[in-house]
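> After the structure tokens below, expect a handful of questions from me.
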Amino acid sequence: MRCLVVEDDPDLRRQLEQALSDAGYAVDIAADGEEGHFLGDTEPYDAVVLDLGLPVMDGVTVLERWRKAGLKTPVLILTARDRWSEKVAGFDAGADDYLTKPFHIEELLARLRALVRRAAGHASPALECGNLRLDPRAQRASLNGDPVKLTSHELRLLTYMIHHSGRVVPRTELIEHIYDQDFDRDSNTIEVFIGRLRKKIGSDRIVTVRGLGYQLVDPDQASA
Ligand code: CA
């Protein structure tokens with residue numbers, strides 16, 4: 001999952017970037033509204049954390065422009081003061097959730113998990129595909145109840161695929177959602193990660209759909 005953080009306060013920005021990457025997200029950051037608007041407009045994110053009080057272009061304007069352009073990405077706004085009018089303006093501009101500063105990072109992470117999960121059409125916090133299970137909070141995967149040891153990149157790949165299980169996910173979409181913009185995206189690495197993941201969760205769980213992409217499936221369902 002890939003997340004954009006638009007925050008002008010350098011300390012908070014660093015703190016958010018660190019916490020989100022520790023939580024398994026690929027993270028891009030922007031320090032003002034114009035840069036944030038540009039990134040959200042051109043890169044596909046699974047969630048955005050958007051401060052409202054921003055230099056160059058304020059957060060409400062950024063959000064209004066994204067929504068006018070048809071951007072559906074879930075957006076959590078950060079409001080500096082506990083002012084109801086700011087929250088109302090944010091929601092009217094298209095926000096999905098908010099937090100008032102100061103906030104606990106754990107609460108932000110929990111809200112983001114819920115937003116990402118709902119945007120992908122899941123109601124339950126634990127994500128499952130047959131007897132393969134992923135707990136996004138603990139960042140742990142299990143197969144038939146037994147833990148599966150995954151590297152951070154394998155976990156990112158599985159997280160995106162299990163959010164979109166049953167659907168054929170194009171290779172370019174996978175690349176865009178598991179790497180941040182500064183990552184050297186050698187397209188071959190995806191095949192390498194898919195290969196490693198198959199070894200750990202079973203080769204019949206990730207189907208290669210030639211020319212289209214990859215599909216995470218429940219092999220018991222497929223053979224039934
Ligand atoms: Ca600010």
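Every chain in the structure tokens has a letter given in the order shown (A, B, ...), and although residue numbers restart at 1 in each chain, ligands are simply numbered from 1 in the order shown.
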Could you produce a table of the residues of chain A lying within 7 Å of ligand 1, with the nearest pair of atoms per residue and their separation in Å rounded to one decimal, using only C-alpha atoms and all ligand atoms, ordered by chain and increasing residue number, as a Markdown table?


| residue | atom | partner | partner_atom_place_in_ligand_line | distance |
| --- | --- | --- | --- | --- |
| A:Glu7 | CA | ligand 1 | 1 (Ca) | 6.0 |
| A:Asp8 | CA | ligand 1 | 1 (Ca) | 5.2 |
| A:Asp9 | CA | ligand 1 | 1 (Ca) | 5.9 |
| A:Asp51 | CA | ligand 1 | 1 (Ca) | 5.8 |
| A:Leu52 | CA | ligand 1 | 1 (Ca) | 6.4 |
| A:Gly53 | CA | ligand 1 | 1 (Ca) | 4.0 |
| A:Leu54 | CA | ligand 1 | 1 (Ca) | 4.9 |
| A:Ala80 | CA | ligand 1 | 1 (Ca) | 6.9 |

> Generate a file of the selected residues that holds all heavy atoms, formatted as an mmCIF file, in the first residue's frame.


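The result, stored in part-v6.cif:
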data_model
loop_
_atom_site.group_PDB
_atom_site.id
_atom_site.type_symbol
_atom_site.label_atom_id
_atom_site.label_comp_id
_atom_site.auth_asym_id
_atom_site.auth_seq_id
_atom_site.Cartn_x
_atom_site.Cartn_y
_atom_site.Cartn_z
ATOM 1 N N GLU A 7 2.337 17.580 4.622
ATOM 2 C CA GLU A 7 2.439 18.223 5.936
ATOM 3 C C GLU A 7 3.619 19.192 5.899
ATOM 4 O O GLU A 7 4.716 18.819 5.495
ATOM 5 C CB GLU A 7 2.638 17.129 7.009
ATOM 6 C CG GLU A 7 3.016 17.621 8.378
ATOM 7 C CD GLU A 7 1.986 18.546 8.991
ATOM 8 O OE1 GLU A 7 0.853 18.106 9.223
ATOM 9 O OE2 GLU A 7 2.323 19.730 9.227
ATOM 10 N N ASP A 8 3.394 20.443 6.324
ATOM 11 C CA ASP A 8 4.473 21.427 6.252
ATOM 12 C C ASP A 8 5.372 21.444 7.487
ATOM 13 O O ASP A 8 6.494 21.918 7.428
ATOM 14 C CB ASP A 8 3.920 22.836 5.974
ATOM 15 C CG ASP A 8 2.935 23.298 7.038
ATOM 16 O OD1 ASP A 8 2.141 22.449 7.506
ATOM 17 O OD2 ASP A 8 2.934 24.484 7.398
ATOM 18 N N ASP A 9 4.893 20.910 8.593
ATOM 19 C CA ASP A 9 5.714 20.866 9.805
ATOM 20 C C ASP A 9 6.761 19.760 9.653
ATOM 21 O O ASP A 9 6.410 18.582 9.571
ATOM 22 C CB ASP A 9 4.819 20.588 11.021
ATOM 23 C CG ASP A 9 5.615 20.548 12.308
ATOM 24 O OD1 ASP A 9 6.414 19.599 12.508
ATOM 25 O OD2 ASP A 9 5.447 21.455 13.135
ATOM 26 N N ASP A 51 -2.624 17.635 5.698
ATOM 27 C CA ASP A 51 -2.778 18.731 6.646
ATOM 28 C C ASP A 51 -3.598 19.826 5.962
ATOM 29 O O ASP A 51 -3.514 20.003 4.744
ATOM 30 C CB ASP A 51 -1.376 19.250 7.015
ATOM 31 C CG ASP A 51 -1.420 20.350 8.060
ATOM 32 O OD1 ASP A 51 -2.364 20.343 8.884
ATOM 33 O OD2 ASP A 51 -0.514 21.215 8.056
ATOM 34 N N LEU A 52 -4.429 20.540 6.725
ATOM 35 C CA LEU A 52 -5.245 21.584 6.090
ATOM 36 C C LEU A 52 -4.513 22.921 6.004
ATOM 37 O O LEU A 52 -4.627 23.647 5.026
ATOM 38 C CB LEU A 52 -6.579 21.755 6.822
ATOM 39 C CG LEU A 52 -7.599 20.622 6.627
ATOM 40 C CD1 LEU A 52 -8.949 21.017 7.207
ATOM 41 C CD2 LEU A 52 -7.761 20.241 5.158
ATOM 42 N N GLY A 53 -3.741 23.258 7.053
ATOM 43 C CA GLY A 53 -2.995 24.510 7.039
ATOM 44 C C GLY A 53 -1.664 24.325 6.338
ATOM 45 O O GLY A 53 -0.696 23.866 6.937
ATOM 46 N N LEU A 54 -1.626 24.646 5.033
ATOM 47 C CA LEU A 54 -0.421 24.401 4.231
ATOM 48 C C LEU A 54 -0.009 25.660 3.481
ATOM 49 O O LEU A 54 -0.870 26.440 3.068
ATOM 50 C CB LEU A 54 -0.699 23.312 3.184
ATOM 51 C CG LEU A 54 -0.864 21.870 3.650
ATOM 52 C CD1 LEU A 54 -1.397 21.021 2.502
ATOM 53 C CD2 LEU A 54 0.452 21.303 4.158
ATOM 54 N N ALA A 80 -5.406 21.641 12.679
ATOM 55 C CA ALA A 80 -4.524 22.152 13.722
ATOM 56 C C ALA A 80 -5.293 22.462 14.998
ATOM 57 O O ALA A 80 -4.849 22.182 16.089
ATOM 58 C CB ALA A 80 -3.797 23.388 13.229
#

> Leaving out range 205-207 of chain A and any residue of its chain fewer than 5 positions from it, which residues lie within 9 Å of it when counting only C-alpha atoms, given as a list in words?

Val168, Ile194, Leu197, Arg198, Gly213, Tyr214, Gln215, Leu216, Val217, Asp218 and Pro219 of chain A

> Using only C-alpha atoms, which of A:Glu64, A:Leu76, A:Cys129, A:Leu155 sits nearest Val6 in chain A?

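Checking each candidate against Val6 in chain A, we get A:Leu76 as the closest.
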
> Pick out the closest residue to Asp220 in chain A from this set: A:Asp204, A:Asp58, A:Asp92, A:Glu128. Count only C-alpha atoms.

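Going through A:Asp204, A:Asp58, A:Asp92, A:Glu128 one by one, the smallest distance to Asp220 in chain A is for A:Asp204.
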
> With distances taken over only C-alpha atoms, which residue among A:Ile175, A:Ala93, A:Leu132, A:Leu108 lies nearest Lys68 in chain A?

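Result for the nearest residue to Lys68 in chain A: A:Ala93.
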
> Between A:Leu143, A:Arg113, A:Asp28, A:Thr79, which is the closest to Thr100 in chain A once you count only C-alpha atoms?

A:Thr79

> CA of Gly145 in chain A to CA of Ala119 in chain A: how many Å, to one decimal?

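Computed distance, CA of Gly145 in chain A to CA of Ala119 in chain A, equals 26.6 Å.
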
> How many Å lie between CA of Glu191 in chain A and CA of Lys72 in chain A, rounded to one decimal?

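Computing the Euclidean distance for CA of Glu191 in chain A and CA of Lys72 in chain A yields 28.8 Å.
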
> Mind listing the strand (DSSP E) residues of range 72-224 of chain A, per DSSP on the backbone, as a ChimeraX atom specification?

/A:75-79,97-100,127-129,132-135,140-143,146-148,168-169,206-209,213-216

> Which of these residues is nearest to Leu109 in chain A, using only C-alpha atoms: A:Gln221, A:Ala19, A:His164, A:Thr208?

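Nearest to Leu109 in chain A: A:Ala19.
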
> May I ask which of the residues A:Ala47, A:Leu157, A:Val148, A:Ala110 is the closest one to Lys199 in chain A, counting only C-alpha atoms?

A:Val148

> Extract the full set of alpha helix (DSSP H) residues from range 154-198 of chain A according to DSSP on the backbone, and format it as a list in words.

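Those in range 154-198 of chain A that DSSP calls alpha helix (DSSP H) are Glu154, Leu155, Arg156, Leu157, Leu158, Thr159, Tyr160, Met161, Ile162, His163, Arg171, Thr172, Glu173, Leu174, Ile175, Glu176, His177, Ile178, Asn188, Thr189, Ile190, Glu191, Val192, Phe193, Ile194, Gly195, Arg196, Leu197 and Arg198 of chain A.
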
> Would you mind reading off the distance between CA of Ser203 in chain A and CA of Ile178 in chain A, one decimal, in Å?

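Value for the CA of Ser203 in chain A-CA of Ile178 in chain A distance: 20.7 Å.
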
> Hey, what's within 12 Å of Leu16 in chain A if we count only C-alpha atoms and toss same-chain stuff fewer than 6 positions away? As a list in words, please?

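Close residues of Leu16 in chain A: Cys3, Leu4, Val5, Val6, Glu7, Asp8, Asp9, Pro10, Asp22, Ala23, Tyr25, Ala26, Val27, Asp28, Ile29, Ala30, Val48, Val49, Leu50, Asp51, Leu78, Phe103, His104, Ile105, Glu106, Leu108 and Leu109 of chain A.
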